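Student: Quick one: the structure is below, questions incoming.
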Amino acid sequence: MANTLDPSHAVYVGSFDPPTLGHWDIISRGAGIFDRLTVAIGVNPEKTPLFSSDERLKLVSELVVPLKNVEVLCFEGLAVDFVRERGAAVMLRGMRTLTDIESEFTLTLANRSLAPEIETVFLMASEQYTSVSSSLIKQIAQMGQAGSAAQLVEFVPESVIEPLLAKFHD
Ligand code: ADP
């Protein structure tokens, strides 16, 4: 089983609610390292995201059009099960701060005990995106007024700005 997984195929797992420039940075760098990259959008029936899984799939799919070795899919259940199902040997994650290290470390140890054949690989956030998170940009979109779009352009891809503002101001 273990040797059937492809070490040149990575799966980048996250909520992407919505995708940010920090996510995009990891996706584009990951696509440059691995032969194949799958962006896996986690669907948790217990949580109510701002964007539905279909909306997140559309937003991320639009972003990755220029990257020919990247596909985007939604999944339910355990991330390691999804990674294994896709035949990938690598789970890709991004790392921003010390707080990320602590939680990602715990998650990685749990994933390793569930699926020792899958290796988690981390890319450090690029400096300008270390404080960018989906929750921060949701706060800016919700609380900001007319100037929000100008502020958001530093944090999210341009195609995300309008759908994001529409969630709060339509
Ligand atoms: P989750 O809910 O699984 O944390 P996210 O969509 O918030 O999902 O993040 C997915 C992955 O991308 C995580 O590994 C997270 O640390 C990483 N990530 C999020 N934002 C950034 C960023 N600005 N720079 C680098 N990595 C990031």
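A note on labels: chains of the structure tokens are A, B, ... as shown, every chain counts residues from 1, and ligands are counted from 1 in their shown order.
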Using DSSP assignments from the backbone, pull out every residue in chain A that falls under strand (DSSP E) and give it to me as a PDB file with C-alpha atoms, in the first residue's frame.
Tutor:
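Ended up saving to part26.pdb:
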ATOM      1  CA  ASP A   6       3.123   9.138  -5.402  1.00  0.00           C
ATOM      2  CA  PRO A   7       5.810  11.287  -3.693  1.00  0.00           C
ATOM      3  CA  SER A   8       5.642  13.857  -6.495  1.00  0.00           C
ATOM      4  CA  HIS A   9       1.931  14.463  -5.826  1.00  0.00           C
ATOM      5  CA  ALA A  10       1.032  16.775  -2.912  1.00  0.00           C
ATOM      6  CA  VAL A  11      -2.374  17.673  -1.498  1.00  0.00           C
ATOM      7  CA  TYR A  12      -2.783  21.131   0.037  1.00  0.00           C
ATOM      8  CA  VAL A  13      -5.597  20.845   2.559  1.00  0.00           C
ATOM      9  CA  GLY A  14      -7.488  23.758   4.068  1.00  0.00           C
ATOM     10  CA  ARG A  36       1.054  17.479  -9.229  1.00  0.00           C
ATOM     11  CA  LEU A  37      -0.740  19.567  -6.643  1.00  0.00           C
ATOM     12  CA  THR A  38      -4.298  18.986  -5.491  1.00  0.00           C
ATOM     13  CA  VAL A  39      -5.945  21.770  -3.510  1.00  0.00           C
ATOM     14  CA  ALA A  40      -8.386  20.015  -1.168  1.00  0.00           C
ATOM     15  CA  ILE A  41     -11.188  22.113   0.287  1.00  0.00           C
ATOM     16  CA  GLY A  42     -12.396  20.624   3.551  1.00  0.00           C
ATOM     17  CA  VAL A  70      -3.034  21.964 -10.093  1.00  0.00           C
ATOM     18  CA  GLU A  71      -6.532  20.559  -9.554  1.00  0.00           C
ATOM     19  CA  VAL A  72      -9.104  21.620  -6.965  1.00  0.00           C
ATOM     20  CA  LEU A  73     -11.499  19.282  -5.174  1.00  0.00           C
ATOM     21  CA  CYS A  74     -13.751  19.291  -2.099  1.00  0.00           C
ATOM     22  CA  PHE A  75     -13.653  16.518   0.452  1.00  0.00           C
ATOM     23  CA  ALA A  88      -0.579  11.296  -3.054  1.00  0.00           C
ATOM     24  CA  ALA A  89       2.263  10.700  -0.604  1.00  0.00           C
ATOM     25  CA  VAL A  90       2.522  14.314   0.580  1.00  0.00           C
ATOM     26  CA  MET A  91       0.269  16.617   2.534  1.00  0.00           C
ATOM     27  CA  LEU A  92       1.274  20.256   2.014  1.00  0.00           C
ATOM     28  CA  ARG A  93       0.601  22.896   4.664  1.00  0.00           C
ATOM     29  CA  GLY A  94       1.562  26.520   5.174  1.00  0.00           C
ATOM     30  CA  MET A  95       3.174  27.885   8.317  1.00  0.00           C
ATOM     31  CA  GLU A 119       4.546  12.881   4.861  1.00  0.00           C
ATOM     32  CA  THR A 120       3.495  16.424   5.812  1.00  0.00           C
ATOM     33  CA  VAL A 121       5.599  19.132   4.195  1.00  0.00           C
ATOM     34  CA  PHE A 122       5.473  22.768   5.322  1.00  0.00           C
ATOM     35  CA  LEU A 123       6.237  25.912   3.385  1.00  0.00           C
ATOM     36  CA  MET A 124       6.992  29.013   5.435  1.00  0.00           C
TER      37      MET A 124
END
Student: Counting only C-alpha atoms and all ligand atoms, what are the residues, protein, DNA or RNA alike, that approach ligand 1 to within 7 Å? I want them as an mmCIF file with N, CA and C atoms, in the first residue's frame.
Tutor:
data_model
loop_
_atom_site.group_PDB
_atom_site.id
_atom_site.type_symbol
_atom_site.label_atom_id
_atom_site.label_comp_id
_atom_site.auth_asym_id
_atom_site.auth_seq_id
_atom_site.Cartn_x
_atom_site.Cartn_y
_atom_site.Cartn_z
ATOM 1 N N VAL A 13 -4.297 20.932 1.895
ATOM 2 C CA VAL A 13 -5.597 20.845 2.559
ATOM 3 C C VAL A 13 -5.897 22.122 3.343
ATOM 4 N N GLY A 14 -7.113 22.594 3.260
ATOM 5 C CA GLY A 14 -7.488 23.758 4.068
ATOM 6 C C GLY A 14 -8.966 24.052 3.942
ATOM 7 N N SER A 15 -9.383 25.134 4.600
ATOM 8 C CA SER A 15 -10.788 25.544 4.519
ATOM 9 C C SER A 15 -11.008 26.534 3.374
ATOM 10 N N PHE A 16 -10.026 27.382 3.148
ATOM 11 C CA PHE A 16 -10.085 28.359 2.048
ATOM 12 C C PHE A 16 -11.393 29.149 2.069
ATOM 13 N N ASP A 17 -11.745 29.700 3.224
ATOM 14 C CA ASP A 17 -13.047 30.355 3.414
ATOM 15 C C ASP A 17 -12.871 31.837 3.742
ATOM 16 N N PRO A 19 -10.290 31.892 -0.078
ATOM 17 C CA PRO A 19 -8.852 31.853 -0.364
ATOM 18 C C PRO A 19 -8.229 33.249 -0.249
ATOM 19 N N THR A 20 -7.012 33.294 0.281
ATOM 20 C CA THR A 20 -6.290 34.562 0.462
ATOM 21 C C THR A 20 -5.026 34.558 -0.398
ATOM 22 N N LEU A 21 -4.331 35.683 -0.401
ATOM 23 C CA LEU A 21 -3.044 35.724 -1.120
ATOM 24 C C LEU A 21 -2.011 34.834 -0.436
ATOM 25 N N GLY A 22 -2.193 34.607 0.874
ATOM 26 C CA GLY A 22 -1.303 33.678 1.589
ATOM 27 C C GLY A 22 -1.486 32.260 1.066
ATOM 28 N N HIS A 23 -2.757 31.841 0.867
ATOM 29 C CA HIS A 23 -3.014 30.523 0.273
ATOM 30 C C HIS A 23 -2.433 30.456 -1.145
ATOM 31 N N ASP A 25 -0.005 32.052 -2.413
ATOM 32 C CA ASP A 25 1.450 31.968 -2.342
ATOM 33 C C ASP A 25 1.891 30.505 -2.150
ATOM 34 N N ILE A 26 1.220 29.808 -1.241
ATOM 35 C CA ILE A 26 1.582 28.402 -0.987
ATOM 36 C C ILE A 26 1.232 27.539 -2.209
ATOM 37 N N ARG A 93 1.237 21.916 3.784
ATOM 38 C CA ARG A 93 0.601 22.896 4.664
ATOM 39 C C ARG A 93 1.452 24.165 4.673
ATOM 40 N N GLY A 94 0.824 25.270 5.048
ATOM 41 C CA GLY A 94 1.562 26.520 5.174
ATOM 42 C C GLY A 94 1.794 26.824 6.642
ATOM 43 N N MET A 95 2.814 27.606 6.926
ATOM 44 C CA MET A 95 3.174 27.885 8.317
ATOM 45 C C MET A 95 3.455 29.378 8.455
ATOM 46 N N ARG A 96 2.726 30.044 9.350
ATOM 47 C CA ARG A 96 2.914 31.487 9.484
ATOM 48 C C ARG A 96 3.663 31.879 10.748
ATOM 49 N N ASP A 100 0.971 28.885 14.765
ATOM 50 C CA ASP A 100 0.750 27.879 13.725
ATOM 51 C C ASP A 100 1.598 26.649 13.989
ATOM 52 N N MET A 124 7.111 27.802 4.621
ATOM 53 C CA MET A 124 6.992 29.013 5.435
ATOM 54 C C MET A 124 6.275 30.083 4.623
ATOM 55 N N ALA A 125 5.384 30.806 5.282
ATOM 56 C CA ALA A 125 4.690 31.907 4.617
ATOM 57 C C ALA A 125 5.705 32.926 4.117
ATOM 58 N N SER A 126 5.414 33.543 2.991
ATOM 59 C CA SER A 126 6.234 34.668 2.547
ATOM 60 C C SER A 126 5.982 35.823 3.513
ATOM 61 N N TYR A 129 2.842 37.905 3.880
ATOM 62 C CA TYR A 129 1.569 37.234 4.163
ATOM 63 C C TYR A 129 1.528 36.573 5.529
ATOM 64 N N THR A 130 2.524 36.834 6.370
ATOM 65 C CA THR A 130 2.563 36.115 7.648
ATOM 66 C C THR A 130 1.366 36.431 8.543
ATOM 67 N N SER A 131 0.757 37.596 8.359
ATOM 68 C CA SER A 131 -0.389 37.897 9.233
ATOM 69 C C SER A 131 -1.723 37.789 8.493
ATOM 70 N N VAL A 132 -1.685 37.212 7.303
ATOM 71 C CA VAL A 132 -2.929 37.106 6.523
ATOM 72 C C VAL A 132 -3.643 35.788 6.838
ATOM 73 N N SER A 133 -4.903 35.905 7.254
ATOM 74 C CA SER A 133 -5.712 34.709 7.497
ATOM 75 C C SER A 133 -7.113 34.970 6.955
ATOM 76 N N SER A 134 -7.843 33.909 6.676
ATOM 77 C CA SER A 134 -9.218 34.062 6.188
ATOM 78 C C SER A 134 -10.054 34.810 7.218
#
Student: Taking into account only C-alpha atoms, which residue in the set A:Lys138, A:Pro18, A:Ile33, A:Arg112 is nearest to Glu55 (chain A)?
Tutor: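 Going through A:Lys138, A:Pro18, A:Ile33, A:Arg112 one by one, the smallest distance to Glu55 (chain A) is for A:Pro18.
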Student: Looking only at the backbone, which of the residues in region 20-154 of chain A does DSSP tag as alpha helix (DSSP H), as JSON, numbers by chain?
Tutor: {"A": [21, 22, 23, 24, 25, 26, 27, 28, 29, 30, 31, 32, 33, 53, 54, 55, 56, 57, 58, 59, 60, 61, 62, 63, 64, 79, 80, 81, 82, 83, 84, 85, 98, 99, 100, 101, 102, 103, 104, 105, 106, 107, 108, 109, 110, 111, 112, 113, 114, 134, 135, 136, 137, 138, 139, 140, 141, 142, 143, 148, 149, 150, 151, 152]}
